[in-house]
Amino acid sequence: MANIQSLDPSASPLDYYGWELRRQREAHGLKQGQLGEIIFCTGSLIGQIETTKKVPTRDFSERVDAALGTDGVFSRLAGLVLRSQLPNWFQPYAEMEAKAAYISTYQAQLVYGLLQTEEYARAVLATSKPDDLDGLLAARLERQRILEQVQPPLAWAVLDEAALHRPIGGADVMRKQLARLLDFISHRWMRIQVLPFCAGEHPGLAGSFTVLRFDDHPEIFYTEDMMSGHMTANPETVREAFLHYAHLQAAALSVGDSAALIARVMEERYGDRPEQGAVA
């Protein structure tokens, strides 16, 4: 086990978090178990976070701030720590995604990451057998916070119908996931369209992609393969991506018809029906 006294607080956001947590805890004269009792967790968890064996969640960070009176220090650090848990090749995109004013995404296989439930995301992330599934999951859920901002990005997601039918995590997980998609029907800043199977051939056959727009930065086109992501601000590439996206939107069902299809798949394939008025 790592000795926290050997941690270099400049090595990474996670190292700094653990180092600072121990420093603040000791400054308040608390043992790990005592702090754990105050914030309703085990002393072992405190020790694991202090030695970077566990990644702190945002909820944990908020409770530590309240207990130690640290004025939001750990809550602010949580975002940096969680983002650092993303794959190295994905981090540059995540940073740009968090700054985007407008997000346009086409997803060919899965529900868009910002719309995934915790259970669905866990099932997806587990397929690569990561060393720290909980850390990756916490990082993905942290990404979703951009939709909860006072001024979130205007986001538009076109989902291939295949994403509705692929039973990621089983029927119960999918039922909750589709219900979450329906929750976004009344969301002011997010719009979801489904590209139905009957659309036939379309410009998205090559795979998923996302285009980001900014208030003060050139647009960015992003796509990824099995091993890495690819991001470019090349104007010709971005222009072509916008053209493809416009064609996908035109071929997709309307927002209302998309909601009806999601509700129908939810009922017929996963054995439940949404609450009355969910697609109104």
# chains A, B, ... in the order shown; residues from 1 in each chain; ligands from 1
call {"tool": "closest_atom_pairs", "arguments": {"of": "range 69-176 of chain A", "to": "range 239-261 of chain A", "cutoff": "10 Å", "atoms": "only C-alpha atoms", "output": "tab-separated table"}}
result
residue	atom	partner	partner_atom	distance
A:Ser104	CA	A:Tyr245	CA	7.8
A:Thr105	CA	A:Tyr245	CA	8.1
A:Tyr106	CA	A:Tyr245	CA	7.5
A:Trp156	CA	A:Gln249	CA	9.5
A:Ala157	CA	A:Gln249	CA	9.2
A:Val158	CA	A:Gln249	CA	6.9
A:Leu159	CA	A:Ala252	CA	8.7
A:Asp160	CA	A:Ala252	CA	8.6
A:Glu161	CA	A:Leu261	CA	8.9
A:Leu164	CA	A:Leu261	CA	9.2
call {"tool": "closest_atom_pairs", "arguments": {"of": "range 12-105 of chain A", "to": "range 226-231 of chain A", "cutoff": "10 Å", "atoms": "only C-alpha atoms", "output": "JSON lines"}}
result
{"residue": "A:Pro87", "atom": "CA", "partner": "A:Ser228", "partner_atom": "CA", "distance": 8.8}
{"residue": "A:Asn88", "atom": "CA", "partner": "A:Ser228", "partner_atom": "CA", "distance": 9.1}
{"residue": "A:Trp89", "atom": "CA", "partner": "A:Ser228", "partner_atom": "CA", "distance": 6.0}
{"residue": "A:Phe90", "atom": "CA", "partner": "A:Gly229", "partner_atom": "CA", "distance": 6.3}
{"residue": "A:Gln91", "atom": "CA", "partner": "A:Gly229", "partner_atom": "CA", "distance": 9.6}
{"residue": "A:Pro92", "atom": "CA", "partner": "A:Met231", "partner_atom": "CA", "distance": 8.6}
{"residue": "A:Tyr93", "atom": "CA", "partner": "A:Met231", "partner_atom": "CA", "distance": 7.2}
call {"tool": "atom_distance", "arguments": {"atom1": "CA of Ala138 in chain A", "atom2": "CA of His28 in chain A"}}
result
28.1 Å
call {"tool": "select_by_dssp", "arguments": {"residues": "range 21-124 of chain A", "states": "strand (DSSP E)", "output": "PyMOL selection string"}}
result
chain A and resi 102-107
call {"tool": "write_last_selection", "arguments": {"atoms": "N, CA, C and O atoms", "output": "compact mmCIF listing (two decimals), in the first residue's frame"}}
result
# COMPACT_ATOMS: atom_id res chain seq x y z
N TYR A 102 -22.64 24.67 -28.03
CA TYR A 102 -23.59 23.90 -28.83
C TYR A 102 -22.97 22.54 -29.13
O TYR A 102 -21.83 22.47 -29.59
N ILE A 103 -23.70 21.47 -28.85
CA ILE A 103 -23.22 20.11 -29.10
C ILE A 103 -24.17 19.42 -30.06
O ILE A 103 -25.38 19.36 -29.81
N SER A 104 -23.63 18.91 -31.15
CA SER A 104 -24.41 18.11 -32.11
C SER A 104 -23.76 16.73 -32.18
O SER A 104 -22.58 16.63 -32.55
N THR A 105 -24.49 15.68 -31.84
CA THR A 105 -23.87 14.36 -31.83
C THR A 105 -24.77 13.34 -32.51
O THR A 105 -25.99 13.38 -32.38
N TYR A 106 -24.13 12.43 -33.25
CA TYR A 106 -24.83 11.27 -33.81
C TYR A 106 -24.21 10.04 -33.18
O TYR A 106 -22.98 9.88 -33.17
N GLN A 107 -25.05 9.18 -32.61
CA GLN A 107 -24.58 7.97 -31.95
C GLN A 107 -25.15 6.74 -32.64
O GLN A 107 -26.37 6.55 -32.68
call {"tool": "select_by_dssp", "arguments": {"residues": "range 40-199 of chain A", "states": "helix (DSSP H, G or I)", "output": "JSON list (two decimals) with N, CA and C atoms, in the first residue's frame"}}
result
[["chain", "number", "residue", "atom", "x", "y", "z"],
["A", 43, "GLY", "N", -13.67, 4.85, 8.12],
["A", 43, "GLY", "CA", -12.32, 5.39, 8.19],
["A", 43, "GLY", "C", -11.44, 4.77, 7.11],
["A", 44, "SER", "N", -11.76, 3.53, 6.75],
["A", 44, "SER", "CA", -11.01, 2.85, 5.70],
["A", 44, "SER", "C", -11.13, 3.60, 4.38],
["A", 45, "LEU", "N", -12.34, 4.08, 4.07],
["A", 45, "LEU", "CA", -12.53, 4.84, 2.84],
["A", 45, "LEU", "C", -11.71, 6.13, 2.87],
["A", 46, "ILE", "N", -11.70, 6.80, 4.00],
["A", 46, "ILE", "CA", -10.88, 8.01, 4.13],
["A", 46, "ILE", "C", -9.42, 7.68, 3.81],
["A", 47, "GLY", "N", -8.94, 6.57, 4.40],
["A", 47, "GLY", "CA", -7.56, 6.17, 4.16],
["A", 47, "GLY", "C", -7.29, 5.83, 2.72],
["A", 48, "GLN", "N", -8.23, 5.17, 2.07],
["A", 48, "GLN", "CA", -8.05, 4.79, 0.66],
["A", 48, "GLN", "C", -8.00, 6.02, -0.24],
["A", 49, "ILE", "N", -8.79, 7.03, 0.08],
["A", 49, "ILE", "CA", -8.77, 8.25, -0.72],
["A", 49, "ILE", "C", -7.49, 9.03, -0.45],
["A", 50, "GLU", "N", -7.06, 9.04, 0.81],
["A", 50, "GLU", "CA", -5.82, 9.74, 1.14],
["A", 50, "GLU", "C", -4.60, 9.09, 0.49],
["A", 58, "ARG", "N", -18.16, 13.35, -5.96],
["A", 58, "ARG", "CA", -18.55, 14.73, -5.65],
["A", 58, "ARG", "C", -19.33, 14.79, -4.34],
["A", 59, "ASP", "N", -20.17, 13.79, -4.09],
["A", 59, "ASP", "CA", -20.93, 13.78, -2.83],
["A", 59, "ASP", "C", -19.98, 13.69, -1.63],
["A", 60, "PHE", "N", -18.98, 12.84, -1.71],
["A", 60, "PHE", "CA", -17.99, 12.73, -0.65],
["A", 60, "PHE", "C", -17.30, 14.07, -0.43],
["A", 61, "SER", "N", -16.93, 14.72, -1.53],
["A", 61, "SER", "CA", -16.22, 16.00, -1.45],
["A", 61, "SER", "C", -17.06, 17.07, -0.79],
["A", 62, "GLU", "N", -18.34, 17.11, -1.12],
["A", 62, "GLU", "CA", -19.23, 18.10, -0.53],
["A", 62, "GLU", "C", -19.38, 17.87, 0.97],
["A", 63, "ARG", "N", -19.43, 16.59, 1.38],
["A", 63, "ARG", "CA", -19.55, 16.28, 2.81],
["A", 63, "ARG", "C", -18.27, 16.64, 3.56],
["A", 64, "VAL", "N", -17.13, 16.42, 2.94],
["A", 64, "VAL", "CA", -15.86, 16.81, 3.56],
["A", 64, "VAL", "C", -15.79, 18.33, 3.73],
["A", 65, "ASP", "N", -16.18, 19.07, 2.70],
["A", 65, "ASP", "CA", -16.18, 20.53, 2.80],
["A", 65, "ASP", "C", -17.06, 21.00, 3.96],
["A", 66, "ALA", "N", -18.23, 20.38, 4.10],
["A", 66, "ALA", "CA", -19.14, 20.77, 5.17],
["A", 66, "ALA", "C", -18.56, 20.43, 6.54],
["A", 67, "ALA", "N", -17.90, 19.27, 6.63],
["A", 67, "ALA", "CA", -17.38, 18.82, 7.92],
["A", 67, "ALA", "C", -16.17, 19.62, 8.35],
["A", 68, "LEU", "N", -15.30, 19.97, 7.40],
["A", 68, "LEU", "CA", -14.05, 20.64, 7.73],
["A", 68, "LEU", "C", -14.10, 22.15, 7.52],
["A", 73, "VAL", "N", -13.39, 23.78, -1.18],
["A", 73, "VAL", "CA", -12.11, 23.39, -1.78],
["A", 73, "VAL", "C", -12.19, 22.00, -2.40],
["A", 74, "PHE", "N", -12.70, 21.03, -1.66],
["A", 74, "PHE", "CA", -12.73, 19.66, -2.15],
["A", 74, "PHE", "C", -13.79, 19.46, -3.24],
["A", 75, "SER", "N", -14.87, 20.22, -3.17],
["A", 75, "SER", "CA", -15.87, 20.15, -4.24],
["A", 75, "SER", "C", -15.29, 20.66, -5.55],
["A", 76, "ARG", "N", -14.48, 21.71, -5.47],
["A", 76, "ARG", "CA", -13.84, 22.23, -6.69],
["A", 76, "ARG", "C", -12.78, 21.26, -7.21],
["A", 77, "LEU", "N", -12.05, 20.65, -6.29],
["A", 77, "LEU", "CA", -11.02, 19.69, -6.70],
["A", 77, "LEU", "C", -11.64, 18.45, -7.34],
["A", 78, "ALA", "N", -12.85, 18.10, -6.92],
["A", 78, "ALA", "CA", -13.48, 16.87, -7.40],
["A", 78, "ALA", "C", -13.60, 16.86, -8.92],
["A", 79, "GLY", "N", -13.96, 18.00, -9.51],
["A", 79, "GLY", "CA", -14.08, 18.04, -10.96],
["A", 79, "GLY", "C", -12.77, 17.73, -11.65],
["A", 80, "LEU", "N", -11.67, 18.30, -11.16],
["A", 80, "LEU", "CA", -10.35, 18.04, -11.74],
["A", 80, "LEU", "C", -9.95, 16.58, -11.56],
["A", 81, "VAL", "N", -10.20, 16.06, -10.36],
["A", 81, "VAL", "CA", -9.83, 14.68, -10.07],
["A", 81, "VAL", "C", -10.60, 13.71, -10.97],
["A", 82, "LEU", "N", -11.89, 13.91, -11.08],
["A", 82, "LEU", "CA", -12.71, 12.99, -11.86],
["A", 82, "LEU", "C", -12.37, 13.07, -13.34],
["A", 83, "ARG", "N", -12.11, 14.27, -13.83],
["A", 83, "ARG", "CA", -11.74, 14.39, -15.24],
["A", 83, "ARG", "C", -10.41, 13.69, -15.51],
["A", 84, "SER", "N", -9.52, 13.71, -14.54],
["A", 84, "SER", "CA", -8.22, 13.06, -14.72],
["A", 84, "SER", "C", -8.34, 11.54, -14.78],
["A", 91, "GLN", "N", -9.34, 12.93, -22.58],
["A", 91, "GLN", "CA", -9.37, 14.14, -21.75],
["A", 91, "GLN", "C", -9.42, 15.45, -22.54],
["A", 92, "PRO", "N", -8.64, 15.60, -23.63],
["A", 92, "PRO", "CA", -8.74, 16.86, -24.38],
["A", 92, "PRO", "C", -10.14, 17.12, -24.92],
["A", 93, "TYR", "N", -10.82, 16.06, -25.38],
["A", 93, "TYR", "CA", -12.19, 16.24, -25.86],
["A", 93, "TYR", "C", -13.11, 16.63, -24.71],
["A", 94, "ALA", "N", -12.98, 15.97, -23.56],
["A", 94, "ALA", "CA", -13.84, 16.26, -22.41],
["A", 94, "ALA", "C", -13.70, 17.71, -21.98],
["A", 95, "GLU", "N", -12.48, 18.24, -22.04],
["A", 95, "GLU", "CA", -12.26, 19.64, -21.68],
["A", 95, "GLU", "C", -12.98, 20.58, -22.65],
["A", 96, "MET", "N", -12.94, 20.25, -23.94],
["A", 96, "MET", "CA", -13.62, 21.09, -24.93],
["A", 96, "MET", "C", -15.13, 20.93, -24.84],
["A", 97, "GLU", "N", -15.60, 19.72, -24.57],
["A", 97, "GLU", "CA", -17.03, 19.47, -24.42],
["A", 97, "GLU", "C", -17.60, 20.32, -23.30],
["A", 98, "ALA", "N", -16.83, 20.46, -22.20],
["A", 98, "ALA", "CA", -17.30, 21.23, -21.04],
["A", 98, "ALA", "C", -17.40, 22.71, -21.35],
["A", 99, "LYS", "N", -16.72, 23.18, -22.39],
["A", 99, "LYS", "CA", -16.72, 24.59, -22.75],
["A", 99, "LYS", "C", -17.66, 24.90, -23.91],
["A", 113, "GLY", "N", -23.19, 9.53, -24.13],
["A", 113, "GLY", "CA", -22.65, 9.48, -22.78],
["A", 113, "GLY", "C", -23.27, 10.45, -21.80],
["A", 114, "LEU", "N", -23.61, 11.66, -22.26],
["A", 114, "LEU", "CA", -24.20, 12.65, -21.36],
["A", 114, "LEU", "C", -25.63, 12.30, -20.96],
["A", 115, "LEU", "N", -26.22, 11.31, -21.63],
["A", 115, "LEU", "CA", -27.60, 10.93, -21.36],
["A", 115, "LEU", "C", -27.71, 9.58, -20.67],
["A", 118, "GLU", "N", -26.59, 5.78, -14.62],
["A", 118, "GLU", "CA", -25.42, 5.20, -13.95],
["A", 118, "GLU", "C", -25.29, 3.71, -14.26],
["A", 119, "GLU", "N", -26.41, 3.00, -14.26],
["A", 119, "GLU", "CA", -26.37, 1.56, -14.50],
["A", 119, "GLU", "C", -25.97, 1.23, -15.94],
["A", 120, "TYR", "N", -26.51, 1.99, -16.87],
["A", 120, "TYR", "CA", -26.17, 1.79, -18.29],
["A", 120, "TYR", "C", -24.70, 2.09, -18.52],
["A", 121, "ALA", "N", -24.23, 3.21, -17.96],
["A", 121, "ALA", "CA", -22.83, 3.61, -18.13],
["A", 121, "ALA", "C", -21.90, 2.55, -17.53],
["A", 122, "ARG", "N", -22.26, 2.02, -16.38],
["A", 122, "ARG", "CA", -21.43, 0.99, -15.75],
["A", 122, "ARG", "C", -21.31, -0.23, -16.66],
["A", 123, "ALA", "N", -22.42, -0.65, -17.25],
["A", 123, "ALA", "CA", -22.40, -1.82, -18.13],
["A", 123, "ALA", "C", -21.54, -1.57, -19.37],
["A", 124, "VAL", "N", -21.64, -0.37, -19.93],
["A", 124, "VAL", "CA", -20.85, -0.03, -21.11],
["A", 124, "VAL", "C", -19.36, 0.00, -20.77],
["A", 125, "LEU", "N", -19.00, 0.68, -19.69],
["A", 125, "LEU", "CA", -17.60, 0.82, -19.31],
["A", 125, "LEU", "C", -16.98, -0.51, -18.90],
["A", 126, "ALA", "N", -17.78, -1.40, -18.35],
["A", 126, "ALA", "CA", -17.26, -2.69, -17.89],
["A", 126, "ALA", "C", -16.79, -3.57, -19.04],
["A", 133, "LEU", "N", -13.10, 0.60, -12.53],
["A", 133, "LEU", "CA", -14.40, 0.85, -13.11],
["A", 133, "LEU", "C", -15.13, 1.96, -12.37],
["A", 134, "ASP", "N", -15.04, 1.97, -11.04],
["A", 134, "ASP", "CA", -15.75, 2.99, -10.27],
["A", 134, "ASP", "C", -15.23, 4.39, -10.60],
["A", 135, "GLY", "N", -13.92, 4.52, -10.81],
["A", 135, "GLY", "CA", -13.35, 5.81, -11.15],
["A", 135, "GLY", "C", -13.82, 6.30, -12.51],
["A", 136, "LEU", "N", -13.83, 5.38, -13.48],
["A", 136, "LEU", "CA", -14.30, 5.75, -14.82],
["A", 136, "LEU", "C", -15.78, 6.13, -14.79],
["A", 137, "LEU", "N", -16.55, 5.39, -14.02],
["A", 137, "LEU", "CA", -17.99, 5.68, -13.92],
["A", 137, "LEU", "C", -18.22, 7.05, -13.28],
["A", 138, "ALA", "N", -17.50, 7.33, -12.21],
["A", 138, "ALA", "CA", -17.64, 8.63, -11.56],
["A", 138, "ALA", "C", -17.26, 9.76, -12.52],
["A", 139, "ALA", "N", -16.25, 9.52, -13.33],
["A", 139, "ALA", "CA", -15.82, 10.53, -14.30],
["A", 139, "ALA", "C", -16.88, 10.77, -15.36],
["A", 140, "ARG", "N", -17.53, 9.71, -15.81],
["A", 140, "ARG", "CA", -18.59, 9.87, -16.82],
["A", 140, "ARG", "C", -19.78, 10.62, -16.23],
["A", 141, "LEU", "N", -20.15, 10.30, -15.02],
["A", 141, "LEU", "CA", -21.27, 11.00, -14.39],
["A", 141, "LEU", "C", -20.92, 12.46, -14.15],
["A", 142, "GLU", "N", -19.66, 12.74, -13.86],
["A", 142, "GLU", "CA", -19.23, 14.12, -13.68],
["A", 142, "GLU", "C", -19.38, 14.91, -14.97],
["A", 143, "ARG", "N", -19.07, 14.28, -16.11],
["A", 143, "ARG", "CA", -19.25, 14.94, -17.41],
["A", 143, "ARG", "C", -20.67, 15.43, -17.59],
["A", 144, "GLN", "N", -21.63, 14.67, -17.08],
["A", 144, "GLN", "CA", -23.03, 15.00, -17.30],
["A", 144, "GLN", "C", -23.46, 16.28, -16.59],
["A", 145, "ARG", "N", -22.64, 16.76, -15.66],
["A", 145, "ARG", "CA", -23.00, 17.96, -14.91],
["A", 145, "ARG", "C", -23.11, 19.19, -15.81],
["A", 146, "ILE", "N", -22.52, 19.15, -16.99],
["A", 146, "ILE", "CA", -22.62, 20.32, -17.87],
["A", 146, "ILE", "C", -24.06, 20.56, -18.30],
["A", 147, "LEU", "N", -24.90, 19.52, -18.27],
["A", 147, "LEU", "CA", -26.31, 19.71, -18.63],
["A", 147, "LEU", "C", -27.11, 20.32, -17.48],
["A", 148, "GLU", "N", -26.49, 20.41, -16.29],
["A", 148, "GLU", "CA", -27.18, 20.96, -15.12],
["A", 148, "GLU", "C", -26.74, 22.38, -14.82],
["A", 162, "ALA", "N", -30.86, 1.46, -33.33],
["A", 162, "ALA", "CA", -30.14, 0.31, -32.78],
["A", 162, "ALA", "C", -29.81, 0.52, -31.31],
["A", 163, "ALA", "N", -29.55, 1.76, -30.91],
["A", 163, "ALA", "CA", -29.20, 2.04, -29.52],
["A", 163, "ALA", "C", -30.36, 1.75, -28.57],
["A", 164, "LEU", "N", -31.58, 1.82, -29.09],
["A", 164, "LEU", "CA", -32.75, 1.54, -28.26],
["A", 164, "LEU", "C", -32.96, 0.04, -28.06],
["A", 165, "HIS", "N", -32.55, -0.74, -29.05],
["A", 165, "HIS", "CA", -32.82, -2.17, -29.03],
["A", 165, "HIS", "C", -31.70, -3.00, -28.42],
["A", 171, "ALA", "N", -32.71, -6.02, -19.32],
["A", 171, "ALA", "CA", -33.99, -5.34, -19.52],
["A", 171, "ALA", "C", -34.25, -4.22, -18.51],
["A", 172, "ASP", "N", -33.94, -4.47, -17.25],
["A", 172, "ASP", "CA", -34.22, -3.46, -16.23],
["A", 172, "ASP", "C", -33.38, -2.21, -16.45],
["A", 173, "VAL", "N", -32.12, -2.40, -16.79],
["A", 173, "VAL", "CA", -31.23, -1.26, -17.06],
["A", 173, "VAL", "C", -31.74, -0.48, -18.27],
["A", 174, "MET", "N", -32.14, -1.20, -19.30],
["A", 174, "MET", "CA", -32.62, -0.53, -20.51],
["A", 174, "MET", "C", -33.93, 0.20, -20.27],
["A", 175, "ARG", "N", -34.80, -0.38, -19.46],
["A", 175, "ARG", "CA", -36.07, 0.28, -19.16],
["A", 175, "ARG", "C", -35.82, 1.63, -18.49],
["A", 176, "LYS", "N", -34.90, 1.64, -17.54],
["A", 176, "LYS", "CA", -34.57, 2.89, -16.85],
["A", 176, "LYS", "C", -33.86, 3.86, -17.79],
["A", 177, "GLN", "N", -33.04, 3.32, -18.69],
["A", 177, "GLN", "CA", -32.33, 4.19, -19.62],
["A", 177, "GLN", "C", -33.28, 4.87, -20.59],
["A", 178, "LEU", "N", -34.22, 4.12, -21.12],
["A", 178, "LEU", "CA", -35.18, 4.73, -22.05],
["A", 178, "LEU", "C", -36.09, 5.71, -21.32],
["A", 179, "ALA", "N", -36.42, 5.41, -20.07],
["A", 179, "ALA", "CA", -37.21, 6.35, -19.29],
["A", 179, "ALA", "C", -36.45, 7.66, -19.10],
["A", 180, "ARG", "N", -35.15, 7.56, -18.92],
["A", 180, "ARG", "CA", -34.33, 8.78, -18.79],
["A", 180, "ARG", "C", -34.35, 9.58, -20.08],
["A", 181, "LEU", "N", -34.31, 8.90, -21.21],
["A", 181, "LEU", "CA", -34.39, 9.63, -22.48],
["A", 181, "LEU", "C", -35.71, 10.38, -22.57],
["A", 182, "LEU", "N", -36.77, 9.75, -22.12],
["A", 182, "LEU", "CA", -38.08, 10.41, -22.17],
["A", 182, "LEU", "C", -38.12, 11.61, -21.23],
["A", 183, "ASP", "N", -37.36, 11.55, -20.14],
["A", 183, "ASP", "CA", -37.30, 12.69, -19.22],
["A", 183, "ASP", "C", -36.77, 13.94, -19.91],
["A", 184, "PHE", "N", -35.94, 13.74, -20.94],
["A", 184, "PHE", "CA", -35.34, 14.87, -21.63],
["A", 184, "PHE", "C", -36.26, 15.49, -22.69],
["A", 185, "ILE", "N", -37.41, 14.89, -22.90],
["A", 185, "ILE", "CA", -38.33, 15.42, -23.91],
["A", 185, "ILE", "C", -38.75, 16.85, -23.58],
["A", 186, "SER", "N", -38.89, 17.12, -22.30],
["A", 186, "SER", "CA", -39.30, 18.47, -21.89],
["A", 186, "SER", "C", -38.12, 19.34, -21.48],
["A", 197, "PHE", "N", -34.70, 2.55, -38.34],
["A", 197, "PHE", "CA", -34.14, 1.55, -39.25],
["A", 197, "PHE", "C", -34.61, 1.78, -40.68],
["A", 198, "CYS", "N", -35.85, 2.24, -40.82],
["A", 198, "CYS", "CA", -36.42, 2.40, -42.16],
["A", 198, "CYS", "C", -35.76, 3.52, -42.96],
["A", 199, "ALA", "N", -34.88, 4.29, -42.32],
["A", 199, "ALA", "CA", -34.18, 5.35, -43.05],
["A", 199, "ALA", "C", -33.20, 4.78, -44.07]]
call {"tool": "residues_around", "arguments": {"residues": "Arg188 in chain A", "least_positions_apart": "4", "cutoff": "10 Å", "atoms": "only C-alpha atoms", "output": "JSON, numbers by chain"}}
result
{"A": [152, 154, 155, 184]}
call {"tool": "write_last_selection", "arguments": {"atoms": "C-alpha atoms", "output": "PDB file, in the first residue's frame"}}
result
ATOM      1  CA  PRO A 152     -25.904  24.596 -20.285  1.00  0.00           C
ATOM      2  CA  LEU A 154     -27.642  23.631 -26.440  1.00  0.00           C
ATOM      3  CA  ALA A 155     -27.339  19.932 -27.267  1.00  0.00           C
ATOM      4  CA  PHE A 184     -35.343  14.874 -21.628  1.00  0.00           C
TER       5      PHE A 184
END
call {"tool": "atom_distance", "arguments": {"atom1": "CA of Leu195 in chain A", "atom2": "CA of Ala108 in chain A"}}
result
9.1 Å
call {"tool": "residues_around", "arguments": {"residues": "range 5-10 of chain A", "least_positions_apart": "6", "cutoff": "10 Å", "atoms": "only C-alpha atoms", "output": "PyMOL selection string"}}
result
chain A and resi 16-20+22+50-52
call {"tool": "closest_residue", "arguments": {"among": "A:Asp216, A:Asp131, A:Glu201, A:Asp15", "to": "Ala100 in chain A", "atoms": "only C-alpha atoms"}}
result
A:Asp216
call {"tool": "atom_distance", "arguments": {"atom1": "CA of Gly29 in chain A", "atom2": "CA of Pro13 in chain A"}}
result
24.3 Å
call {"tool": "decode", "arguments": {"residues": "range 68-90 of chain A", "atoms": "C-alpha atoms", "output": "PDB file, in the first residue's frame"}}
result
ATOM      1  CA  LEU A  68     -14.051  20.639   7.727  1.00  0.00           C
ATOM      2  CA  GLY A  69     -15.351  24.081   6.756  1.00  0.00           C
ATOM      3  CA  THR A  70     -13.060  24.210   3.732  1.00  0.00           C
ATOM      4  CA  ASP A  71     -15.246  26.594   1.709  1.00  0.00           C
ATOM      5  CA  GLY A  72     -15.778  24.285  -1.268  1.00  0.00           C
ATOM      6  CA  VAL A  73     -12.113  23.389  -1.778  1.00  0.00           C
ATOM      7  CA  PHE A  74     -12.732  19.658  -2.151  1.00  0.00           C
ATOM      8  CA  SER A  75     -15.870  20.152  -4.237  1.00  0.00           C
ATOM      9  CA  ARG A  76     -13.840  22.227  -6.689  1.00  0.00           C
ATOM     10  CA  LEU A  77     -11.018  19.695  -6.701  1.00  0.00           C
ATOM     11  CA  ALA A  78     -13.485  16.871  -7.395  1.00  0.00           C
ATOM     12  CA  GLY A  79     -14.082  18.044 -10.963  1.00  0.00           C
ATOM     13  CA  LEU A  80     -10.345  18.037 -11.743  1.00  0.00           C
ATOM     14  CA  VAL A  81      -9.832  14.675 -10.068  1.00  0.00           C
ATOM     15  CA  LEU A  82     -12.715  12.992 -11.860  1.00  0.00           C
ATOM     16  CA  ARG A  83     -11.738  14.393 -15.240  1.00  0.00           C
ATOM     17  CA  SER A  84      -8.223  13.058 -14.715  1.00  0.00           C
ATOM     18  CA  GLN A  85      -9.700   9.551 -14.435  1.00  0.00           C
ATOM     19  CA  LEU A  86     -10.834   9.635 -18.055  1.00  0.00           C
ATOM     20  CA  PRO A  87      -8.568   7.907 -20.597  1.00  0.00           C
ATOM     21  CA  ASN A  88      -5.660  10.174 -21.562  1.00  0.00           C
ATOM     22  CA  TRP A  89      -6.749  10.268 -25.171  1.00  0.00           C
ATOM     23  CA  PHE A  90     -10.272  11.357 -24.171  1.00  0.00           C
TER      24      PHE A  90
END
